[in-house]
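Asks: Dropping the structure in here first, questions after.
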Amino acid sequence: MTAEAPPAPVLSYGRLIPVTVHFDDLDALGLLHNARYPLLVERAWTELWQEKGISFEGDWAAAGDACNAVRELRISYEAPVTRTGDYAVHLWLDRLGTTGLTYGFRFCSADGTVTYARGSRVLVRLDAGTLRPAPWSEMFRAAARELLPPAA
């Protein structure tokens, strides 16, 4: 007999990406170190974009939309993570501009019901040669629109 995976939570927007907290992610008090939250969020975003065919493979000129930089990161910690194990990151876009975007995130329980931290990050798409802002491709924009919350 095999155990079935629990059903994925129903989200009205965005995606819930599984992540794992390991022992070496914890600080001396046994809490998830504050610097690990953005790292785990970044890993979740990388997985999501790779699913959509957007990735960096060592060549910035060929990276296209993966050639981007963080302009701003905000995070608030709401409850401590005190154990290793399975968690998730809920990801969505708050804004999709011509050359930039703002995404929101929640670091949460694996089922998405408990929020431990939340935040947002602003990214700017860069031209690999000049490092100046460049427009997102239409392929990227189409994939990104799927992550926007429904219009109010």
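Identifiers in this document derive from the order of the structure tokens: chains are assigned A, B, ..., residues are numbered from 1 separately in each chain, and ligands are numbered from 1 in order of occurrence.
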Considering only C-alpha atoms, return as an mmCIF file with C-alpha atoms, in the first residue's frame whatever protein or nucleic-acid residues lie within 6 Å of range 15-23 of chain A, sequence-local ones (same chain, fewer than 3 positions apart) excluded.
Replies:
```cif
data_model
loop_
_atom_site.group_PDB
_atom_site.id
_atom_site.type_symbol
_atom_site.label_atom_id
_atom_site.label_comp_id
_atom_site.auth_asym_id
_atom_site.auth_seq_id
_atom_site.Cartn_x
_atom_site.Cartn_y
_atom_site.Cartn_z
ATOM 1 C CA LEU A 26 19.062 26.757 11.696
ATOM 2 C CA ALA A 44 11.571 28.510 -5.137
ATOM 3 C CA THR A 84 13.688 21.105 9.930
ATOM 4 C CA GLY A 85 11.418 19.560 7.338
ATOM 5 C CA ASP A 86 9.013 20.357 4.558
ATOM 6 C CA TYR A 87 7.696 23.876 4.049
ATOM 7 C CA ALA A 88 6.571 25.911 1.040
ATOM 8 C CA VAL A 89 6.917 29.319 -0.554
ATOM 9 C CA HIS A 90 3.803 30.956 -1.978
ATOM 10 C CA LEU A 91 4.864 33.135 -4.926
#
```
Asks: What's around range 59-63 of chain A at 8 Å? Count only C-alpha atoms, leave out sequence neighbours fewer than 4 positions away in its own chain, and write the answer as a list in words.
Replies: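 So, after excluding close chain neighbours, the residues are Ser55, Cys67, Ala128 and Gly129 of chain A.
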Asks: Of the candidates A:Gly104, A:Pro38, A:Gly30, A:Gly58, which shows the shortest atom-to-atom distance to Gly119 in chain A, using only C-alpha atoms?
Replies: A:Gly104
Asks: Kindly give the distance, in Å, that separates CA of Gly53 in chain A and CA of Gly112 in chain A, rounded to a single decimal.
Replies: 25.3 Å
Asks: Mind checking which residues fall within 8 Å of Pro149 in chain A, counting only C-alpha atoms, ignoring those fewer than 6 positions away in the same chain, and posting them as a PyMOL selection string?
Replies: chain A and resi 12-14+92-94
Asks: Assign secondary structure with DSSP using the backbone only, and return the residues of chain A in strand (DSSP E) as number ranges by chain.
Replies: A: 15-21, 68-77, 85-96, 100-109, 115-125
Asks: Counting only C-alpha atoms, which residue out of A:Asp24, A:Asp65, A:Asp111, A:Glu146 sits closest to Asp127 in chain A?
Replies: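 Closest to Asp127 in chain A, using only C-alpha atoms: A:Asp65.
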Asks: For each of A:Val41, A:Leu147, A:Ala35, A:Val122, take the minimum atom-to-atom distance to Phe105 in chain A, counting only C-alpha atoms, then give the residue where this is smallest.
Replies: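 The answer is A:Val41, which sits nearest to Phe105 in chain A.
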Asks: To one decimal place in Å, what is the distance between CA of Phe140 in chain A and CA of Phe107 in chain A?
Replies: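 Pair CA of Phe140 in chain A / CA of Phe107 in chain A returns 24.1 Å.
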Asks: Here is a test: counting only C-alpha atoms, which residue of A:Arg145, A:Arg121, A:Arg95, A:Arg132 is nearest to Val70 in chain A?
Replies: A:Arg121
Asks: Suppose you want the space between CA of Thr115 in chain A and CA of Glu51 in chain A; what is it in Å?
Replies: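 Between CA of Thr115 in chain A and CA of Glu51 in chain A the gap is 24.6 Å.
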Asks: For Leu11 in chain A, which residue out of A:Thr99, A:Asn34, A:Glu57, A:Leu148 is the nearest one, using only C-alpha atoms?
Replies: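 Of the candidates, the smallest distance to Leu11 in chain A is held by A:Leu148.
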